[in-house]
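Structure first, then comments.
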Number of protein chains: 2
Amino acid sequence: MPERNLYLNNLPLDDAIQKYFNALEGLLIPRTEKIAAEDSFDRITAKAIYADCSSPPYNAAAMDGIAVIAACTADASETNPITLFPLNTCQREGCCTSVKTSYRDAKPDSSVAFTIVNTGDPVLPPWDAVIMAEDITPLDDGSVQIREAATAWQHVRPIGEDIVAGEMILPGNHCIKPADIGVMLSGGLAEIEVIAKPRVAILPTGSEFLTGRLIESNSRMLAANVQRDKGIPRCYPPTPDNIEKLRYAILDAVKKHDLVLVNAGSSAGTEDYTVQVLRELGEVIVHGIAIKPGKPVILAIVDKKPVIGIPGYPVSAYLDYELFAGKIVKILGKQAETVPVKAQAVIARRIVSSLKHREYVRIQTGRVDNKLIAVPLARGAGAAMSLVRANGFCIIEQNSEGIEAGQTADVELFDPLDKVDKTILVIGSHDLILDLIADLMQSSGNASLASTHTGSMAGLMSLKRNECHITPIHLLDEESGTYNIPFVKRLFPQTPMLMIKGVGRIQGLMIKKGNPLKINSLSDLPGCRYINRQRGAGTRLFLDYKLKQAGILPEQVQGYEREAATHMAAAAVVAGGGADTAMGIYSAAKALGLDFIPLGNEEYDFVLYPEFLKLPHIKRFLEILTNSGFHKQLEILGGYTWDKVGSIINIV
Amino acid sequence: MPERNLYLNNLPLDDAIQKYFNALEGLLIPRTEKIAAEDSFDRITAKAIYADCSSPPYNAAAMDGIAVIAACTADASETNPITLFPLNTCQREGCCTSVKTSYRDAKPDSSVAFTIVNTGDPVLPPWDAVIMAEDITPLDDGSVQIREAATAWQHVRPIGEDIVAGEMILPGNHCIKPADIGVMLSGGLAEIEVIAKPRVAILPTGSEFLTGRLIESNSRMLAANVQRDKGIPRCYPPTPDNIEKLRYAILDAVKKHDLVLVNAGSSAGTEDYTVQVLRELGEVIVHGIAIKPGKPVILAIVDKKPVIGIPGYPVSAYLDYELFAGKIVKILGKQAETVPVKAQAVIARRIVSSLKHREYVRIQTGRVDNKLIAVPLARGAGAAMSLVRANGFCIIEQNSEGIEAGQTADVELFDPLDKVDKTILVIGSHDLILDLIADLMQSSGNASLASTHTGSMAGLMSLKRNECHITPIHLLDEESGTYNIPFVKRLFPQTPMLMIKGVGRIQGLMIKKGNPLKINSLSDLPGCRYINRQRGAGTRLFLDYKLKQAGILPEQVQGYEREAATHMAAAAVVAGGGADTAMGIYSAAKALGLDFIPLGNEEYDFVLYPEFLKLPHIKRFLEILTNSGFHKQLEILGGYTWDKVGSIINIV
């Protein structure tokens, strides 16, 4: 193990940014390069671009027809048509001579010449006008008759009408559009000078990645971030936790790139190596900032180039990239700073935060009843899926202890507001079919569905607070033996509600393939390691109901207090050997190849306020439920019935 | 010549779109392809993507420290520290056996083992908890002491905590973000199925391009359009106007691509060939639509694939691409339809339009005094520079005869409104320094300058109507012999105005290099071919003043009625031999290598309302005027003096 680096700062973010960018003052100078104008789409001009030649490059015919000397046609009229002869075939005396003399000497003459021109052809002296093909009468001998005089320069595009040689076509620092390329080429520019794309080295470190035991995914995420910011990423193979090799890799990367990102493994040990090497090779300006996730970032300068130690946890890596590395890529590439969409949203669940740091909480947002709602997602730095599912951040300032549910807070959105407006927010019980529906909504292109899994009861509370559009529930009323409706009536006593029938599904015990412990029924639970679902989850209530029936006390079930948030999470713990069994739905057991002991059929339905039924994306939701493509996918998942799906029940 | 194709339709745009896309019904099916997940940034998922493995893939240490069996640490406390021995070095009896037996049989024991783990390391049976490095006391013999019991699964990330195998990671039809790539890799997906980028063939035609006499620039502009719309463009070399060769090229392109754009030369003849061949090879659905520019588009289907004949003029080509081809590229690539920014703007100059077609007028927009102002630009289909300079379109419907100056109309903007808000609108007299200033404003990154050249008088009228921020003028008051101020006083009698001093510049006659006609002074103008500037231009008034002094009548000057809109345009006509001389500024003559006869010094200044001086982009304008970098560039242009530049005069 290297020496532990306990000297982590807790510098406020703004101070860290100021300190680092002050230290980088004068070092972040964009490079330029020459490229073919035709390959320059979306590049940034390094300086103003001036036309090399004019367009049109000569006086050019603006129509298909004949070029003539205007003065020679002056006498033509309806009553006095005049005949013109093709330049190269005309035998008439005087005609070709008149053409050969200069314009200034040309005289009106009935025996004059013409030449055929297509649009774009040059109209060179002595010609000074074009007569359209439609306005001439061809005669059999190749000559033509005209019945109207041409005025000088008619149907002629003067040289430089569009672009004049020497004229500025584009200013510097301009992002090149398709039309610009056409004009540059017309202006005679084959090659132009643009801002070079910054080269960014991404150096994953950590011996754990060399064994292939763990997938090194951060470097590819960072590479895509660099790509998005218009840089050129280059991923090095992982460097083991070895001072010598790390030093060599960093020096090589600094030499060949404009910015180096050293992506630590998730181990604190790897970070220690990185700091040690960076201190030795250059200067570490900041190590550790007061944000969460992303705290252990290292901001350094080696050989006048920025080198950033990015923490190993994916969410930390993402955030530190955005806060520091992305800014540098954009400065070096002269890309405009991207301004996030800022909005005010009602926070759907309490967020507790520490005074020690500014916290970036991933959120799902949607518009419910004209209010923007933000649902906080998993907060661990390792929860990469939360980045995928989030469409924004809620930022809890360092001096705040958090935000209560129902309070309004500032949020930054990744998506434009009109996309957020088409999102159905679902909070409640988890089922795999929510993902199916989300897929079908997104694939039809018009709407998306964001679901948060709090369990049935917590979901109904969210619905009551107007924090979601739809709450999926499966709640067995022990008294009546019926599902769901009694709970809705109890929680919304004064309010008429709607229930959209969902699916019937099989609940039971999920058990390791082959059932090594020979679990046969609920009575075998004592003595097994169990993993439970969160409080308020229908599946947990179902377990409690079944335990009571079987006369088993919760204390007798080892692991009753261990919680997983979804059927799939519980199944994964069983599949991975962390527990012997868990209650869950058949489809989750099937998805992870577990054995299954069915314990009951239950009804998984959707609750909502009646007025939401007219929203276009809720209509789409209903359409999907009753679509045969959806039913086919239910069959593949297994363990579902859908005879009533999509029917609507008024609960009054 | 091929048979002329006079059967051009005049189909309204909406009908044309409906007719063509009806004919294409069922033919525009996006292809899919498999690519490496790590290369999938910004691609569109072809279908939902499910995790192949869980992340973490096993129960994993969440901290650096030691893995233990929680039950074996139950007795540890401050007063009763217990000692643990490293698994492989421990010699105590019973210890290693307890480790070798399964978790279920492990007993609390003071002689227990541990193993060192780094964050991310697997915590496999019998281990079920991690104690942080900070919470252990290492002893000299390699054993450690703990003073607190570990609870089962503490500091252990359960398998699948982030991603569960079988779980849906991304829905179909989803545009892949950087964070998605990290999660896909963590979820064990090396390869994924995405929508293939549509392949688009671009076939320039027209014999004129084969000689190299004309630059074929449209195909590169179209290629960049395809690139922007996320397709893969392929430009063919130009095909001559030859039925046989065109047929062969189109068949080849159709076979290998999803969409074929046949880009006609600007000649009507080439278009005829294209229609003829497309009729023969497939079906021409529409030929000719009621829009301007862009009328002669050909919408065809060959071998079930869309083939579009794009007209040769650049603005027509651009517009027909956007209206038809771009839509198809986006459908095939499943890219969201881009919705232009729509706004209402006051039209600064009268636009006359025909009832025969819908017209797309390029506009420059900016915000003046809280109103969005749109200044119409050159309208010719060949005016490619107008596309470069425009930041939007004003669409004049087919049933409208046009829009009067000062009327409000619907406009579509290429740029977001906040960029439009940072644009200084300049209307008035032309000088090359306007481009210089525009470059310096854009290069500093914060603002842009859009100038329209109407001449000084028309510019002052625009200023009076609040249609621009700044009007550059050079108007000689014949009575007083002074510049500019008398005109401002006369036109704004009640209103206090500001004038920012600009540059002194030399006006004179621009003459072909070597002065072949031996022009020596204004008295040589009769007998020369002249090109004039537009009515109201200061340069025209200066000519009139000088002609009067010299006793020459306008009628004596051949070409007095021919107008060019800028100094550079007039100079280009002289350089190209279309005229023998023109009045203009020294810098324009110098830029095009013309000889020059100086006729006077004049003052080119900027007029504005006092309240605009506080706008940040106007402040920037002022800063640039007084900057030495700007003065250096004036020196290079030549013919300028700048002793008073940037000083402000109140005109009351």
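Each chain in the structure tokens gets a letter, A, B and so on, in the order shown; residues start at 1 in every chain, and ligands are counted from 1 in the order they appear.
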Shell around range 312-327 of chain B at 7 Å using only C-alpha atoms, local window under 5 positions removed, as a VMD selection string: chain B and resid 218 229 263 to 266 293 to 294 297 381 to 384 387
Close residues, Ile49 in chain A itself excluded, 10 Å, only C-alpha atoms, min 2 positions apart in chain, as a PyMOL selection string: (chain A and resi 45-47+51-52+166-172+174+184+187+189+192-193) or (chain B and resi 439)
Spatial neighbours of Pro486 in chain A, max dist 10 Å, only C-alpha atoms, sep filter under 6 positions, as a list of chain:residue names: A:Leu475, A:Leu476, A:Asp477, A:Glu479, A:Ser480, A:Phe492, A:Ile651
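By only C-alpha atoms, and with residues fewer than 5 positions from Gly445 in chain A along its chain excluded, the set lying at most 9 Å from it is Leu440 of chain A; Asn173, His174, Lys334 and Ala336 of chain B.
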Grab the residues selected above and save them as a PDB file, in the first residue's frame with N, CA and C atoms.
ATOM      1  N   LEU A 440     -41.996   1.096 -24.776  1.00  0.00           N
ATOM      2  CA  LEU A 440     -42.992   1.272 -25.835  1.00  0.00           C
ATOM      3  C   LEU A 440     -43.367   2.743 -26.001  1.00  0.00           C
TER       4      LEU A 440
ATOM      5  N   ASN B 173     -35.296   3.551 -29.204  1.00  0.00           N
ATOM      6  CA  ASN B 173     -35.468   4.904 -29.730  1.00  0.00           C
ATOM      7  C   ASN B 173     -34.919   5.965 -28.781  1.00  0.00           C
ATOM      8  N   HIS B 174     -33.854   5.603 -28.090  1.00  0.00           N
ATOM      9  CA  HIS B 174     -33.257   6.514 -27.114  1.00  0.00           C
ATOM     10  C   HIS B 174     -31.909   6.985 -27.650  1.00  0.00           C
ATOM     11  N   LYS B 334     -34.187   7.960 -37.575  1.00  0.00           N
ATOM     12  CA  LYS B 334     -34.983   8.114 -36.348  1.00  0.00           C
ATOM     13  C   LYS B 334     -34.511   9.309 -35.519  1.00  0.00           C
ATOM     14  N   ALA B 336     -35.031  13.098 -34.167  1.00  0.00           N
ATOM     15  CA  ALA B 336     -36.181  13.954 -33.915  1.00  0.00           C
ATOM     16  C   ALA B 336     -36.234  15.055 -34.967  1.00  0.00           C
TER      17      ALA B 336
END
Spatial neighbours of Leu278 in chain A, 7 Å, only C-alpha atoms, chain gap at least 5 places, as a PyMOL selection string: chain A and resi 283-284+300
Could you make a table, as a tab-separated table, of the residues of chain B that have an atom within 6 Å of an atom of chain A, each with its nearest atom pair and distance in Å to one decimal, counting only C-alpha atoms, in chain and number order?
residue	atom	partner	partner_atom	distance
B:Glu38	CA	A:Arg220	CA	5.9
B:Phe41	CA	A:Ala224	CA	5.9
B:Asn118	CA	A:Ser267	CA	5.7
B:Thr119	CA	A:Ser267	CA	4.6
B:Ile159	CA	A:Val573	CA	5.9
B:Gly160	CA	A:Ala572	CA	5.8
B:Asp162	CA	A:Ala383	CA	5.2
B:Gly166	CA	A:Ala591	CA	5.8
B:Pro171	CA	A:Asp439	CA	4.3
B:Gly172	CA	A:Ser443	CA	5.2
B:Asn173	CA	A:Ser443	CA	4.8
B:Pro178	CA	A:Ala224	CA	4.9
B:Ala179	CA	A:Met221	CA	5.7
B:Asp180	CA	A:Val388	CA	5.6
B:Ile181	CA	A:Met221	CA	5.5
B:Gly182	CA	A:Met221	CA	4.8
B:Leu185	CA	A:Ser217	CA	5.6
B:Ser217	CA	A:Gly182	CA	4.9
B:Asn218	CA	A:Gly182	CA	5.7
B:Arg220	CA	A:Glu38	CA	5.9
B:Met221	CA	A:Gly182	CA	4.8
B:Ala224	CA	A:Pro178	CA	4.9
B:Asn225	CA	A:Pro178	CA	5.5
B:Ser266	CA	A:Thr119	CA	5.9
B:Ser267	CA	A:Thr119	CA	4.5
B:Ala383	CA	A:Asp162	CA	5.2
B:Met385	CA	A:Asp162	CA	6.0
B:Val388	CA	A:Asp180	CA	5.5
B:Asp439	CA	A:Pro171	CA	4.3
B:Ser443	CA	A:Asn173	CA	4.8
B:Ala572	CA	A:Gly160	CA	5.8
B:Val573	CA	A:Ile159	CA	5.9
B:Ala591	CA	A:Gly166	CA	5.8
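CA of Lys292 in chain B to CA of Ile308 in chain B spans 17.2 Å [interatomic distance, one decimal].
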Picked from range 55-236 of chain A by DSSP as helix (DSSP H, G or I), as a PyMOL selection string: chain A and resi 70-73+95-100+103-105+133-135+178-186+207-209+218-228
Residues near Ile396 in chain A, cut-off 9 Å, only C-alpha atoms, skip fewer than 3 positions along chain, as a list in words: Ile351, Ser353, His357, Arg358, Glu359, Tyr360, Val361, Asn399, Ser400, Glu401, Gly402, Ile403, Ala409 and Asp410 of chain A
List as a tab-separated table every residue of range 301-362 of chain B that is in contact with range 466-469 of chain B, defined as an atom at most 9 Å from one of its atoms (using only C-alpha atoms), together with the nearest atom pair and the distance in Å rounded to one decimal, sorted by chain and then rising number.
residue	atom	partner	partner_atom	distance
B:Val346	CA	B:Glu467	CA	8.0
B:Ile347	CA	B:Glu467	CA	8.3
B:Ala348	CA	B:Glu467	CA	5.9
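CA of Ser647 in chain A lies 8.8 Å from CA of Thr626 in chain A.
Between CA of Val375 in chain B and CA of Lys422 in chain B the separation is 15.7 Å.
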Backbone-only DSSP, strand (DSSP E or B) members of range 336-483 of chain A, as JSON, numbers by chain: {"A": [341, 342, 343, 344, 345, 346, 347, 351, 352, 358, 359, 360, 361, 362, 363, 364, 365, 366, 367, 368, 371, 372, 373, 374, 375, 376, 392, 393, 394, 395, 396, 402, 403, 408, 409, 410, 411, 412, 413, 423, 424, 425, 426, 427, 428, 448, 449, 450, 451, 452, 453, 470, 471, 472, 473, 476, 483]}
Mind dumping the selected residues with C-alpha atoms as a compact mmCIF listing (two decimals), in the first residue's frame?
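So the final result, stored in selection_21.txt, reads:
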# COMPACT_ATOMS: atom_id res chain seq x y z
CA VAL A 341 -31.87 24.53 -18.41
CA LYS A 342 -32.65 25.96 -14.98
CA ALA A 343 -36.04 25.64 -13.38
CA GLN A 344 -37.87 25.53 -10.09
CA ALA A 345 -39.33 22.19 -9.07
CA VAL A 346 -41.25 20.74 -6.16
CA ILE A 347 -39.07 18.09 -4.51
CA ILE A 351 -33.36 15.12 0.74
CA VAL A 352 -31.08 15.20 3.76
CA ARG A 358 -22.59 20.95 -1.85
CA GLU A 359 -24.56 17.93 -3.02
CA TYR A 360 -25.66 17.05 -6.55
CA VAL A 361 -28.77 14.87 -6.31
CA ARG A 362 -29.92 13.17 -9.50
CA ILE A 363 -33.60 13.75 -10.18
CA GLN A 364 -36.35 12.62 -12.48
CA THR A 365 -38.62 15.49 -13.43
CA GLY A 366 -42.02 15.75 -15.01
CA ARG A 367 -44.90 18.19 -14.99
CA VAL A 368 -47.84 17.21 -12.83
CA LYS A 371 -46.09 22.04 -11.39
CA LEU A 372 -42.62 20.78 -12.19
CA ILE A 373 -41.94 17.82 -9.89
CA ALA A 374 -38.47 16.48 -9.12
CA VAL A 375 -38.13 12.97 -7.73
CA PRO A 376 -34.71 12.36 -6.13
CA GLY A 392 -31.50 16.62 -14.09
CA PHE A 393 -29.72 17.57 -10.90
CA CYS A 394 -31.03 19.20 -7.78
CA ILE A 395 -28.14 21.06 -6.17
CA ILE A 396 -28.19 21.28 -2.38
CA GLY A 402 -31.43 19.45 2.85
CA ILE A 403 -34.88 19.96 1.39
CA THR A 408 -39.53 24.11 -4.07
CA ALA A 409 -35.89 24.06 -5.12
CA ASP A 410 -33.67 25.07 -8.03
CA VAL A 411 -32.95 22.27 -10.46
CA GLU A 412 -30.77 21.96 -13.57
CA LEU A 413 -32.24 19.85 -16.35
CA THR A 423 -42.80 12.58 -19.25
CA ILE A 424 -45.23 10.49 -17.20
CA LEU A 425 -44.06 10.36 -13.61
CA VAL A 426 -44.85 7.02 -11.98
CA ILE A 427 -44.22 6.53 -8.26
CA GLY A 428 -45.23 3.39 -6.43
CA SER A 448 -41.42 8.90 -21.94
CA LEU A 449 -42.14 7.28 -18.61
CA ALA A 450 -39.98 7.74 -15.52
CA SER A 451 -40.70 5.43 -12.63
CA THR A 452 -39.54 5.53 -9.03
CA HIS A 453 -39.98 2.48 -6.83
CA ILE A 470 -49.80 7.45 -11.84
CA THR A 471 -49.26 5.14 -8.85
CA PRO A 472 -49.01 1.39 -9.45
CA ILE A 473 -50.16 -0.61 -6.41
CA LEU A 476 -54.29 -6.87 -0.38
CA TYR A 483 -57.02 -5.87 -3.85
